[in-house]
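Coordinates as given in target-v4.txt (compact mmCIF, C-alpha atoms):
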```txt
# COMPACT_ATOMS: atom_id res chain seq x y z
CA MET L 23 22.49 -12.67 -23.63
CA LYS L 24 20.79 -14.33 -20.68
CA LYS L 25 17.79 -13.06 -18.78
CA TYR L 26 18.23 -12.75 -15.03
CA LYS L 27 15.59 -13.12 -12.34
CA CYS L 28 15.45 -11.21 -9.06
CA LEU L 29 15.38 -13.78 -6.27
CA ILE L 30 13.62 -11.34 -3.97
CA CYS L 31 10.65 -10.25 -6.07
CA ASP L 32 10.78 -12.37 -9.27
CA TYR L 33 11.36 -9.37 -11.57
CA ILE L 34 13.02 -10.51 -14.79
CA TYR L 35 15.83 -8.43 -16.27
CA ASP L 36 15.63 -8.79 -20.02
CA PRO L 37 18.82 -7.50 -21.72
CA ALA L 38 16.87 -6.92 -24.93
CA LYS L 39 14.71 -4.37 -23.12
CA GLY L 40 17.27 -3.02 -20.66
CA ASP L 41 15.96 -0.71 -17.94
CA PRO L 42 15.47 2.63 -19.73
CA ASP L 43 13.75 4.22 -16.71
CA HIS L 44 17.08 3.92 -14.92
CA GLY L 45 19.37 4.81 -17.80
CA ILE L 46 20.07 1.26 -18.99
CA ASN L 47 19.84 1.01 -22.77
CA PRO L 48 18.22 -1.93 -24.53
CA GLY L 49 20.89 -4.47 -25.43
CA THR L 50 22.81 -4.17 -22.15
CA ALA L 51 23.92 -7.57 -20.85
CA PHE L 52 23.26 -8.24 -17.18
CA GLU L 53 27.02 -8.59 -16.61
CA ASN L 54 27.51 -5.06 -17.94
CA LEU L 55 25.01 -3.40 -15.62
CA PRO L 56 26.76 -1.04 -13.20
CA ALA L 57 27.41 -2.50 -9.75
CA SER L 58 25.16 0.20 -8.31
CA TRP L 59 22.18 -0.97 -10.39
CA THR L 60 19.35 -2.36 -8.28
CA CYS L 61 16.15 -4.20 -9.05
CA PRO L 62 13.66 -1.61 -10.37
CA GLU L 63 10.80 -3.31 -8.54
CA CYS L 64 12.12 -4.11 -5.08
CA GLY L 65 15.52 -2.47 -4.79
CA ALA L 66 17.45 -5.72 -4.35
CA ALA L 67 21.17 -5.74 -5.23
CA LYS L 68 22.63 -7.20 -8.42
CA SER L 69 23.95 -10.11 -6.35
CA ASP L 70 20.35 -11.16 -5.62
CA PHE L 71 19.81 -12.08 -9.30
CA ALA L 72 20.24 -15.47 -10.90
CA PRO L 73 20.29 -16.40 -14.58
CA VAL L 74 17.06 -17.78 -16.00
CA GLU L 75 17.74 -21.18 -17.54
CA MET I 10 -14.48 -13.25 19.76
CA ALA I 11 -14.47 -15.81 16.95
CA VAL I 12 -17.10 -15.10 14.26
CA PRO I 13 -18.17 -17.59 11.57
CA VAL I 14 -17.42 -16.40 8.03
CA ILE I 15 -18.44 -19.20 5.69
CA GLU I 16 -18.51 -23.01 5.99
CA ASP I 17 -15.99 -24.13 8.70
CA ILE I 18 -14.10 -20.82 8.52
CA PHE I 19 -13.95 -18.39 11.43
CA TRP I 20 -12.64 -14.86 11.79
CA VAL I 21 -10.34 -14.89 14.82
CA GLY I 22 -8.79 -11.44 14.48
CA VAL I 23 -8.27 -8.63 16.98
CA ASN I 24 -9.02 -4.91 16.95
CA ASP I 25 -6.17 -2.55 17.79
CA HIS I 26 -7.05 0.85 19.23
CA LYS I 27 -3.78 1.29 21.09
CA THR I 28 -1.31 1.71 18.26
CA ASP I 29 -1.24 5.41 17.43
CA LEU I 30 0.99 5.11 14.36
CA PHE I 31 0.92 2.11 12.01
CA GLU I 32 4.48 1.19 10.94
CA ALA I 33 5.50 4.09 13.24
CA LEU I 34 4.33 6.39 10.43
CA TRP I 35 0.59 6.42 9.74
CA PRO I 36 -2.04 7.72 12.20
CA LEU I 37 -4.84 5.36 13.18
CA PRO I 38 -7.74 7.54 14.35
CA HIS I 39 -10.11 4.62 13.81
CA GLY I 40 -7.68 1.86 14.76
CA ILE I 41 -6.83 -1.20 12.70
CA SER I 42 -7.76 -4.87 12.78
CA TYR I 43 -5.38 -7.78 12.39
CA ASN I 44 -7.49 -10.49 10.80
CA ALA I 45 -6.61 -14.13 11.35
CA TYR I 46 -8.82 -16.97 10.15
CA LEU I 47 -9.28 -20.52 11.38
CA VAL I 48 -10.34 -23.34 9.06
CA ARG I 49 -11.81 -26.24 11.10
CA ASP I 50 -11.53 -29.51 9.29
CA ALA I 51 -9.91 -32.94 9.79
CA LYS I 52 -6.77 -30.83 10.06
CA THR I 53 -7.07 -27.36 11.58
CA ALA I 54 -5.36 -24.46 9.85
CA LEU I 55 -4.84 -20.93 11.00
CA VAL I 56 -4.34 -18.38 8.24
CA ASP I 57 -2.07 -15.62 9.55
CA ALA I 58 -1.92 -14.51 13.19
CA VAL I 59 -1.91 -11.15 14.97
CA LYS I 60 0.50 -8.60 16.43
CA LYS I 61 2.54 -9.71 19.43
CA ASN I 62 0.85 -7.46 22.01
CA TYR I 63 -2.50 -9.13 21.23
CA SER I 64 -1.19 -12.66 21.79
CA GLY I 65 -3.17 -13.10 25.01
CA GLU I 66 -6.55 -12.09 23.59
CA PHE I 67 -5.84 -14.16 20.49
CA ALA I 68 -5.00 -17.27 22.54
CA THR I 69 -8.17 -16.89 24.62
CA ASP I 70 -10.35 -16.59 21.50
CA LEU I 71 -8.74 -19.63 19.89
CA ARG I 72 -9.17 -21.69 23.05
CA ALA I 73 -12.82 -20.64 23.35
CA LEU I 74 -13.45 -21.70 19.75
CA LEU I 75 -11.46 -24.91 19.73
CA GLY I 76 -11.90 -26.09 23.31
CA ASN I 77 -9.08 -27.16 25.58
CA GLY I 78 -6.69 -29.77 24.33
CA GLN I 79 -7.51 -29.39 20.67
CA LYS I 80 -4.57 -28.73 18.43
CA ILE I 81 -3.89 -26.47 15.49
CA ASP I 82 -2.04 -28.33 12.75
CA TYR I 83 -0.94 -25.52 10.45
CA LEU I 84 -0.17 -21.84 10.61
CA ILE I 85 -0.23 -20.52 7.05
CA ILE I 86 1.74 -17.32 6.72
CA ASN I 87 0.52 -15.17 3.85
CA HIS I 88 2.64 -12.29 5.10
CA ILE I 89 5.42 -12.46 7.69
CA GLU I 90 5.33 -8.76 8.70
CA PRO I 91 5.18 -8.77 12.52
CA ASP I 92 1.69 -7.21 12.68
CA HIS I 93 0.49 -10.62 11.44
CA SER I 94 3.16 -12.98 12.74
CA GLY I 95 4.12 -11.44 16.10
CA ALA I 96 1.93 -13.86 18.09
CA ILE I 97 3.85 -16.85 16.75
CA ASP I 98 5.92 -17.60 19.84
CA SER I 99 2.84 -17.54 22.06
CA LEU I 100 1.07 -19.83 19.56
CA LEU I 101 3.98 -22.26 19.59
CA SER I 102 4.00 -22.41 23.37
CA GLN I 103 0.35 -23.51 23.30
CA TYR I 104 0.44 -25.58 20.15
CA PRO I 105 3.98 -27.02 20.10
CA ASP I 106 3.26 -29.32 17.14
CA LEU I 107 2.14 -26.41 14.97
CA CYS I 108 3.63 -26.53 11.49
CA VAL I 109 4.35 -23.20 9.80
CA VAL I 110 3.43 -23.16 6.11
CA GLY I 111 5.12 -20.71 3.77
CA ASN I 112 7.05 -20.26 0.55
CA GLU I 113 10.83 -20.17 0.37
CA LYS I 114 11.03 -16.45 1.13
CA THR I 115 8.53 -16.70 4.01
CA LEU I 116 10.55 -19.41 5.70
CA ARG I 117 13.79 -17.49 5.23
CA LEU I 118 12.30 -14.36 6.82
CA LEU I 119 10.65 -16.46 9.55
CA LYS I 120 14.07 -17.72 10.58
CA GLU I 121 15.54 -14.23 10.64
CA PHE I 122 12.67 -12.58 12.53
CA TYR I 123 12.03 -15.36 15.06
CA ARG I 124 15.23 -17.12 15.94
CA PHE I 125 13.77 -20.33 17.35
CA PRO I 126 13.35 -23.78 15.81
CA VAL I 127 9.95 -24.49 14.35
CA LYS I 128 8.41 -27.21 12.21
CA THR I 129 7.86 -25.89 8.68
CA LEU I 130 6.24 -26.95 5.43
CA LEU I 131 7.67 -25.38 2.29
CA ILE I 132 5.10 -24.77 -0.43
CA LYS I 133 5.50 -23.52 -3.98
CA ASP I 134 3.28 -21.37 -6.16
CA ARG I 135 -0.04 -23.10 -7.04
CA GLU I 136 0.61 -26.06 -4.74
CA THR I 137 -2.28 -27.32 -2.64
CA LEU I 138 -2.71 -28.54 0.91
CA SER I 139 -5.64 -30.74 1.84
CA LEU I 140 -7.18 -30.32 5.27
CA GLY I 141 -9.86 -32.99 4.72
CA LYS I 142 -12.94 -31.40 3.20
CA HIS I 143 -11.12 -28.18 2.38
CA THR I 144 -8.27 -27.88 -0.10
CA LEU I 145 -6.10 -24.81 0.10
CA GLU I 146 -4.23 -23.50 -2.94
CA PHE I 147 -1.33 -21.06 -2.63
CA PHE I 148 -0.77 -18.14 -4.98
CA VAL I 149 2.68 -16.62 -4.54
CA THR I 150 2.33 -12.89 -5.22
CA PRO I 151 5.68 -11.22 -4.49
CA MET I 152 5.94 -7.56 -3.48
CA VAL I 153 2.33 -6.99 -2.57
CA HIS I 154 3.78 -5.80 0.03
CA TRP I 155 6.97 -7.73 0.87
CA PRO I 156 8.93 -10.27 -1.19
CA GLU I 157 7.26 -13.27 0.46
CA THR I 158 3.64 -12.13 0.22
CA MET I 159 1.19 -14.75 -1.01
CA MET I 160 -2.53 -15.52 -0.99
CA THR I 161 -4.29 -18.68 0.13
CA TYR I 162 -7.42 -19.80 -1.68
CA ASP I 163 -9.83 -22.32 -0.19
CA GLN I 164 -11.10 -24.18 -3.26
CA THR I 165 -13.95 -25.71 -1.25
CA SER I 166 -15.66 -22.57 0.01
CA LYS I 167 -14.07 -20.30 -2.64
CA THR I 168 -12.67 -18.01 0.03
CA LEU I 169 -9.57 -15.98 -0.80
CA PHE I 170 -7.31 -15.15 2.13
CA SER I 171 -5.52 -12.25 0.52
CA GLY I 172 -3.08 -10.94 3.15
CA ASP I 173 -2.46 -7.18 2.98
CA VAL I 174 -4.08 -7.06 -0.47
CA PHE I 175 -7.67 -5.77 -0.20
CA GLY I 176 -6.94 -4.62 3.37
CA GLY I 177 -7.62 -1.27 4.99
CA PHE I 178 -7.46 0.76 8.21
CA GLY I 179 -10.35 0.79 10.70
CA THR I 180 -11.43 -1.72 13.35
CA LEU I 181 -14.28 -4.21 13.07
CA GLU I 182 -16.09 -4.33 16.40
CA ASN I 183 -19.08 -2.62 14.79
CA GLY I 184 -19.24 -5.10 11.95
CA ILE I 185 -16.86 -7.50 10.25
CA PHE I 186 -18.56 -8.07 6.89
CA ASP I 187 -19.20 -5.78 3.95
CA ASP I 188 -22.94 -6.29 4.45
CA GLU I 189 -22.67 -5.07 8.06
CA VAL I 190 -20.48 -1.97 7.83
CA ASP I 191 -20.54 1.54 6.36
CA LEU I 192 -18.67 0.82 3.14
CA GLY I 193 -18.19 4.53 2.36
CA PHE I 194 -16.19 4.92 5.56
CA PHE I 195 -14.13 1.81 4.87
CA ALA I 196 -13.48 2.77 1.24
CA GLU I 197 -11.86 6.00 2.53
CA GLU I 198 -9.82 4.25 5.22
CA THR I 199 -8.86 1.53 2.74
CA ARG I 200 -7.62 4.03 0.16
CA ARG I 201 -5.60 5.77 2.87
CA TYR I 202 -4.06 2.41 3.79
CA PHE I 203 -3.27 1.70 0.13
CA ALA I 204 -1.83 5.17 -0.52
CA ASN I 205 0.30 5.07 2.64
CA VAL I 206 1.47 1.48 2.89
CA LEU I 207 1.13 -0.20 -0.50
CA ALA I 208 1.19 2.47 -3.22
CA LYS I 209 4.85 1.94 -4.05
CA TYR I 210 4.02 -1.60 -5.17
CA SER I 211 1.37 -0.68 -7.74
CA VAL I 212 3.07 -2.63 -10.54
CA PRO I 213 3.42 -5.88 -8.55
CA PHE I 214 -0.21 -5.30 -7.49
CA GLN I 215 -1.36 -5.36 -11.08
CA LYS I 216 0.53 -8.62 -11.62
CA ALA I 217 -0.96 -10.15 -8.49
CA LEU I 218 -4.48 -9.00 -9.37
CA SER I 219 -4.25 -10.46 -12.86
CA LYS I 220 -2.97 -13.74 -11.39
CA ILE I 221 -6.15 -14.11 -9.32
CA GLU I 222 -8.46 -12.45 -11.85
CA LYS I 223 -10.14 -15.68 -12.92
CA LEU I 224 -10.62 -16.98 -9.37
CA GLU I 225 -14.23 -17.22 -8.35
CA THR I 226 -14.55 -15.71 -4.86
CA ASN I 227 -17.49 -16.18 -2.52
CA ALA I 228 -15.58 -14.28 0.11
CA ILE I 229 -12.44 -12.15 0.21
CA ALA I 230 -10.82 -12.29 3.61
CA PRO I 231 -7.94 -9.81 3.91
CA ALA I 232 -5.55 -9.43 6.85
CA HIS I 233 -6.86 -5.93 7.74
CA GLY I 234 -10.30 -4.36 7.43
CA PRO I 235 -13.68 -5.86 6.47
CA VAL I 236 -14.36 -9.30 5.00
CA TYR I 237 -16.13 -9.04 1.65
CA ARG I 238 -18.75 -11.79 1.27
CA LYS I 239 -21.72 -9.95 -0.22
CA ASP I 240 -19.83 -8.19 -3.00
CA PRO I 241 -16.15 -9.21 -3.29
CA LYS I 242 -16.04 -7.40 -6.64
CA PHE I 243 -16.35 -4.08 -4.79
CA ILE I 244 -12.91 -4.36 -3.23
CA ARG I 245 -11.33 -6.04 -6.26
CA ASP I 246 -12.44 -3.06 -8.37
CA LEU I 247 -11.14 -0.47 -5.89
CA TYR I 248 -7.73 -2.10 -5.65
CA GLY I 249 -7.65 -2.48 -9.44
CA ARG I 250 -8.29 1.23 -9.92
CA TRP I 251 -5.79 2.34 -7.30
CA SER I 252 -3.00 0.11 -8.57
CA ARG I 253 -3.59 1.36 -12.13
CA GLN I 254 -3.47 4.89 -10.67
CA GLU I 255 -6.85 5.81 -12.09
CA THR I 256 -7.73 9.22 -10.69
CA GLU I 257 -10.89 11.30 -10.35
CA LYS I 258 -11.59 14.84 -11.45
CA GLY I 259 -10.42 17.01 -8.60
CA ALA I 260 -7.40 18.87 -7.28
CA VAL I 261 -5.19 18.72 -4.23
CA ILE I 262 -3.30 21.87 -3.29
CA VAL I 263 -0.53 21.44 -0.76
CA TYR I 264 1.32 24.42 0.63
CA ALA I 265 4.18 25.12 3.01
CA SER I 266 3.96 28.61 4.41
CA MET I 267 5.49 30.36 7.44
CA TYR I 268 3.82 33.78 7.29
CA GLU I 269 0.80 33.06 5.09
CA ASN I 270 2.31 34.56 1.95
CA THR I 271 2.67 31.23 0.17
CA LYS I 272 -0.68 30.24 1.65
CA LYS I 273 -2.30 33.22 -0.14
CA MET I 274 -0.90 31.94 -3.44
CA ALA I 275 -2.30 28.46 -2.76
CA GLU I 276 -5.69 30.00 -1.99
CA ALA I 277 -5.59 31.98 -5.24
CA VAL I 278 -5.09 28.69 -7.11
CA ALA I 279 -8.13 27.30 -5.31
CA ARG I 280 -10.19 30.33 -6.43
CA GLY I 281 -9.11 29.74 -10.02
CA LEU I 282 -10.20 26.13 -9.75
CA ALA I 283 -13.51 26.86 -8.06
CA GLU I 284 -14.44 29.63 -10.53
CA ASN I 285 -13.82 27.21 -13.35
CA GLY I 286 -16.07 24.41 -12.22
CA VAL I 287 -13.86 22.16 -10.09
CA LYS I 288 -15.87 21.11 -7.05
CA GLU I 289 -13.48 18.62 -5.52
CA ILE I 290 -10.66 20.74 -4.11
CA ARG I 291 -8.54 19.76 -1.11
CA LEU I 292 -6.26 22.41 0.34
CA HIS I 293 -3.66 21.19 2.86
CA ASP I 294 -1.00 22.86 4.96
CA VAL I 295 1.76 20.27 4.63
CA SER I 296 3.00 21.04 8.16
CA ARG I 297 -0.40 20.53 9.74
CA THR I 298 -2.30 17.87 7.82
CA HIS I 299 -0.57 14.54 8.34
CA LEU I 300 1.05 13.23 5.15
CA SER I 301 -1.10 10.14 5.47
CA PHE I 302 -4.23 12.09 4.52
CA ILE I 303 -2.47 14.20 1.89
CA LEU I 304 -1.16 11.09 0.11
CA SER I 305 -4.60 9.52 0.22
CA ASP I 306 -6.12 12.60 -1.44
CA ILE I 307 -3.34 12.69 -4.04
CA TRP I 308 -4.03 9.04 -4.86
CA ARG I 309 -7.65 9.95 -5.42
CA PHE I 310 -7.53 13.17 -7.45
CA ARG I 311 -6.01 13.90 -10.82
CA ALA I 312 -4.40 17.30 -10.18
CA LEU I 313 -1.77 18.35 -7.70
CA VAL I 314 -0.49 21.84 -7.05
CA LEU I 315 2.49 22.29 -4.76
CA ALA I 316 3.28 25.68 -3.26
CA ALA I 317 6.30 26.02 -1.01
CA CYS I 318 8.53 28.60 0.53
CA THR I 319 12.28 28.33 0.91
CA TYR I 320 13.69 27.50 4.36
CA ASN I 321 17.37 27.77 5.29
CA MET I 322 18.19 27.93 1.58
CA ARG I 323 16.39 24.64 0.91
CA LEU I 324 12.87 23.56 0.13
CA PHE I 325 10.68 23.77 3.24
CA PRO I 326 11.38 20.53 5.19
CA THR I 327 7.84 19.19 5.53
CA MET I 328 7.39 19.66 1.77
CA GLU I 329 10.67 17.79 1.22
CA LEU I 330 9.24 14.86 3.13
CA LEU I 331 6.15 14.81 0.90
CA MET I 332 8.46 14.89 -2.18
CA ASN I 333 10.29 11.84 -0.81
CA PHE I 334 7.11 9.83 -0.61
CA LEU I 335 5.78 10.96 -4.00
CA GLU I 336 9.08 10.11 -5.67
CA ASN I 337 9.32 6.72 -3.99
CA ASP I 338 5.70 5.86 -4.83
CA HIS I 339 6.18 6.59 -8.57
CA VAL I 340 3.02 8.64 -8.83
CA GLU I 341 1.66 8.67 -12.39
CA ASN I 342 -1.37 9.97 -14.21
CA HIS I 343 -1.34 13.37 -12.51
CA LEU I 344 -1.37 17.00 -13.54
CA LEU I 345 1.14 19.11 -11.66
CA GLY I 346 1.37 22.84 -10.97
CA LEU I 347 4.29 24.39 -9.06
CA ILE I 348 4.67 27.54 -6.97
CA GLY I 349 7.75 28.68 -5.07
CA SER I 350 8.57 31.61 -2.86
CA TYR I 351 11.68 33.04 -1.24
CA SER I 352 13.04 36.10 0.50
CA TRP I 353 16.67 36.01 -0.64
CA ALA I 354 17.62 32.51 -1.92
CA ASN I 355 15.33 31.29 -4.69
CA THR I 356 15.55 27.57 -3.91
CA ALA I 357 11.97 26.35 -3.43
CA LEU I 358 10.77 26.51 -7.03
CA LEU I 359 14.06 25.09 -8.35
CA ALA I 360 13.81 22.19 -5.92
CA LEU I 361 10.19 21.55 -6.87
CA ARG I 362 11.11 21.57 -10.56
CA ASP I 363 13.98 19.16 -9.94
CA PHE I 364 11.58 16.85 -8.15
CA ALA I 365 9.07 17.08 -11.00
CA LYS I 366 11.70 16.26 -13.65
CA LYS I 367 12.33 12.89 -12.01
CA GLY I 368 8.71 11.80 -12.25
CA SER I 369 6.16 11.36 -15.00
CA TRP I 370 4.01 14.40 -14.28
CA GLN I 371 1.94 16.27 -16.78
CA PHE I 372 2.84 19.93 -16.29
CA VAL I 373 0.38 22.74 -16.13
CA GLU I 374 1.79 26.19 -16.90
CA PRO I 375 2.82 28.61 -15.61
CA TYR I 376 5.37 28.13 -12.88
CA VAL I 377 4.85 30.83 -10.30
CA GLU I 378 7.50 32.38 -8.10
CA ALA I 379 7.12 35.17 -5.54
CA LEU I 380 9.69 37.26 -3.72
CA CYS I 381 8.57 37.71 -0.09
CA ALA I 382 4.88 38.67 -0.21
CA PRO I 383 3.01 38.05 -3.48
CA THR I 384 1.92 41.13 -5.44
CA PRO I 385 -1.64 41.31 -6.82
CA GLU I 386 -0.12 40.46 -10.21
CA VAL I 387 1.46 37.30 -8.82
CA LEU I 388 -1.81 36.30 -7.16
CA LYS I 389 -3.54 36.77 -10.50
CA VAL I 390 -1.00 34.40 -12.10
CA CYS I 391 -1.75 31.86 -9.34
CA GLN I 392 -5.44 32.16 -10.13
CA ASP I 393 -4.63 31.62 -13.81
CA LEU I 394 -2.71 28.49 -12.86
CA GLY I 395 -5.87 27.28 -11.09
CA LYS I 396 -7.88 28.09 -14.20
CA ASN I 397 -5.44 26.16 -16.41
CA VAL I 398 -5.57 23.15 -14.10
CA ALA I 399 -9.37 23.34 -14.20
CA GLN I 400 -9.38 23.44 -18.01
CA ASN I 401 -7.14 20.38 -18.11
CA LEU I 402 -9.42 18.58 -15.68
CA ASN I 403 -12.53 19.60 -17.59
CA SER I 404 -11.12 18.22 -20.84
CA ILE I 405 -11.00 14.73 -19.28
CA PRO I 406 -14.13 12.78 -20.23
```

Encoded form using structure tokens:
Amino acid sequence: MKKYKCLICDYIYDPAKGDPDHGINPGTAFENLPASWTCPECGAAKSDFAPVE
Amino acid sequence: MAVPVIEDIFWVGVNDHKTDLFEALWPLPHGISYNAYLVRDAKTALVDAVKKNYSGEFATDLRALLGNGQKIDYLIINHIEPDHSGAIDSLLSQYPDLCVVGNEKTLRLLKEFYRFPVKTLLIKDRETLSLGKHTLEFFVTPMVHWPETMMTYDQTSKTLFSGDVFGGFGTLENGIFDDEVDLGFFAEETRRYFANVLAKYSVPFQKALSKIEKLETNAIAPAHGPVYRKDPKFIRDLYGRWSRQETEKGAVIVYASMYENTKKMAEAVARGLAENGVKEIRLHDVSRTHLSFILSDIWRFRALVLAACTYNMRLFPTMELLMNFLENDHVENHLLGLIGSYSWANTALLALRDFAKKGSWQFVEPYVEALCAPTPEVLKVCQDLGKNVAQNLNSIP
């Protein structure tokens, strides 16, 4: 599972960690995040993320 | 008036006493400064600018410093928010060859805020720009306060131009430098600025502060408030503490009350605190003390007690507004006591408890609820709540 970076604030979404503060369990792939999920640090939309190579 | 800061660097900011509300939200009883800095070298660089309505004064000061006909080569934008960039069109009309320096996000926002063509230089994190004697290094520090925020470090004089970071409210005509001003006054106005404008970004702040932790600084030159050249550590420490949400022993009680019944309960909590050794107590009527000052106190003190009545079957509206800010700012490291009152629909306490569940508050028992006017028994429970908060505070080393 790939990590994704927020292009607005540089936050890295790590699927291994998930985003438990917002109900996202560890092990959730970025692709499987709900469409309503937003960057926990700056509020940017899912579409503002790019995979980290 | 331009004022020398350190070798070849001048403060060319302006003092704003006309704006009554910063960001159309926060009162400015002591005004605010927009600090811009000019580095005079083989190439001349301006670090940040000022708000649009001060363009004229800014242009006059720059001309007086530089002399007629001298150009400015670069405008470095640490932060594109219009209180720092608004003067850009006036600058361009006087210095048409001016090149705007920013990171990818700065230049994107520049285009969207100011829809005119301008020469730009795209820089990346840790890149440098030589002006001749001075070499500037850029530290991209996103979300301290906007996505594009960055800091510019002059390696030659070891001056850090930090943007909104290390900034505060209050104007500088009575002194620009930390060795000239009343630092106690500025520490208060700087915490209020942090708690109002920047608190939400505490986590990015910690990242940004650790990124510049090892930088040796002879001077810290923020975009608002004093320049720290005698003791830059002073402001680095304050911002470190605030962004880590380190709080002091003390309690803030905020109440919403129409007919002084809820107010009586808040006052009973204060008695309980005072009788149990808490000296720092701040009691605020949420409808009368501006949120700006309440938030600043909350950011300072460890305990918070909220007492609110119900209004139109909802939580009292001015208390709701405070809840919005506290929730959005992700307040941590606080004790919380809750009091509600109602006359027929018991909403206030439920709403306060719902709010509390969403945050990471450390509860202090008991919840208190009163129907109409509090009985002596209820007031006694409020006093006990104050006592319990005090005991929690006293157990902190």

Spatial neighbours of range 25-35 of chain L, 8 Å, only C-alpha atoms, chain gap at least 2 places, as JSON, numbers by chain: {"L": [23, 37, 40, 41, 52, 61, 63, 64, 66, 70, 71, 72, 73, 74], "I": [114, 151, 152, 156, 157]}

Chain I contacts to chain L at 12 Å (all atoms listed in the file) as JSON, numbers by chain: {"I": [112, 113, 114, 115, 117, 118, 149, 150, 151, 152, 153, 154, 155, 156, 157, 158, 159, 209, 210, 211, 212, 213, 214, 216, 217, 337, 338, 339, 367, 368, 369]}

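Minimum atom-to-atom distance to Leu55 in chain I, evaluated using all atoms listed in the file, belongs to I:Phe170 out of I:Phe125, I:Phe170, I:Trp353, I:Phe148.
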
One-decimal distance in Å that lies between CA of His143 in chain I and CA of Pro231 in chain I: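 One can read the CA of Pro231 in chain I to CA of His143 in chain I distance as 18.7 Å.
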
Point-to-point distance in Å for CA of Ile307 in chain I and CA of Gly193 in chain I: 18.1 Å

When you look at Ala382 in chain I with a cut-off of 10 Å (counting all atoms listed in the file), what residues show up, excluding the ones that are within fewer than 4 positions of it in the same chain? I need them as a CSV table (one decimal) with C-alpha atoms, in the frame of the given file.
```csv
chain,number,residue,atom,x,y,z
I,268,TYR,CA,3.8,33.8,7.3
I,269,GLU,CA,0.8,33.1,5.1
I,270,ASN,CA,2.3,34.6,2.0
I,271,THR,CA,2.7,31.2,0.2
I,273,LYS,CA,-2.3,33.2,-0.1
I,274,MET,CA,-0.9,31.9,-3.4
I,350,SER,CA,8.6,31.6,-2.9
I,351,TYR,CA,11.7,33.0,-1.2
I,352,SER,CA,13.0,36.1,0.5
I,387,VAL,CA,1.5,37.3,-8.8
I,388,LEU,CA,-1.8,36.3,-7.2
```

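The gap separating CA of Tyr202 in chain I from CA of Phe147 in chain I is 24.5 Å, in Å to one decimal.
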
Neighbour residues at most 12 Å from (-1.2, 25.4, 0.2) (all atoms listed in the file) as JSON, numbers by chain: {"I": [260, 261, 262, 263, 264, 265, 266, 267, 269, 270, 271, 272, 273, 274, 275, 276, 277, 278, 279, 290, 291, 292, 293, 294, 295, 296, 297, 298, 303, 313, 314, 315, 316, 317, 318, 328, 346, 347, 348, 349, 350, 391]}

Sel. within 9 Å of pt (7.3, -7.6, 7.8), counting all atoms listed in the file, output as an mmCIF file with C-alpha atoms, in the frame of the given file:
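The resulting file, selection.cif, is reproduced below:
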```
data_model
loop_
_atom_site.group_PDB
_atom_site.id
_atom_site.type_symbol
_atom_site.label_atom_id
_atom_site.label_comp_id
_atom_site.auth_asym_id
_atom_site.auth_seq_id
_atom_site.Cartn_x
_atom_site.Cartn_y
_atom_site.Cartn_z
ATOM 1 C CA HIS I 88 2.640 -12.290 5.100
ATOM 2 C CA ILE I 89 5.420 -12.460 7.690
ATOM 3 C CA GLU I 90 5.330 -8.760 8.700
ATOM 4 C CA PRO I 91 5.180 -8.770 12.520
ATOM 5 C CA ASP I 92 1.690 -7.210 12.680
ATOM 6 C CA HIS I 93 0.490 -10.620 11.440
ATOM 7 C CA SER I 94 3.160 -12.980 12.740
ATOM 8 C CA LEU I 118 12.300 -14.360 6.820
ATOM 9 C CA PHE I 122 12.670 -12.580 12.530
ATOM 10 C CA HIS I 154 3.780 -5.800 0.030
ATOM 11 C CA TRP I 155 6.970 -7.730 0.870
#
```

For Thr129 in chain I: contacts at 7 Å, only C-alpha atoms, fewer than 4 positions along chain excluded, given as a list in words: Cys108, Val109 and Val110 of chain I

Test item: residues at most 10 Å from Gly184 in chain I, only C-alpha atoms, excluding those fewer than 6 positions along its chain, as a PyMOL selection string: chain I and resi 190-191+235-236

Among listed residues I:Ile229, I:Leu224, I:Ala399, I:Val174, nearest Asp187 in chain I (using only C-alpha atoms):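 Of all the options, I:Ile229 lies closest to Asp187 in chain I.
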
Since the input lacks atoms, please generate N, CA, C and O atoms for range 63-67 of chain L and provide them as a compact mmCIF listing (two decimals), in the frame of the given file.
```txt
# COMPACT_ATOMS: atom_id res chain seq x y z
N GLU L 63 12.06 -3.07 -9.25
CA GLU L 63 10.80 -3.31 -8.54
C GLU L 63 10.94 -3.40 -7.03
O GLU L 63 10.06 -2.99 -6.30
N CYS L 64 12.05 -3.96 -6.54
CA CYS L 64 12.12 -4.11 -5.08
C CYS L 64 13.39 -3.56 -4.49
O CYS L 64 13.56 -3.59 -3.26
N GLY L 65 14.32 -3.09 -5.33
CA GLY L 65 15.52 -2.47 -4.79
C GLY L 65 16.62 -3.45 -4.41
O GLY L 65 17.63 -3.05 -3.83
N ALA L 66 16.43 -4.74 -4.71
CA ALA L 66 17.45 -5.72 -4.35
C ALA L 66 18.73 -5.49 -5.15
O ALA L 66 18.70 -4.93 -6.24
N ALA L 67 19.87 -5.95 -4.60
CA ALA L 67 21.17 -5.74 -5.23
C ALA L 67 21.34 -6.69 -6.42
O ALA L 67 20.65 -7.70 -6.53
```
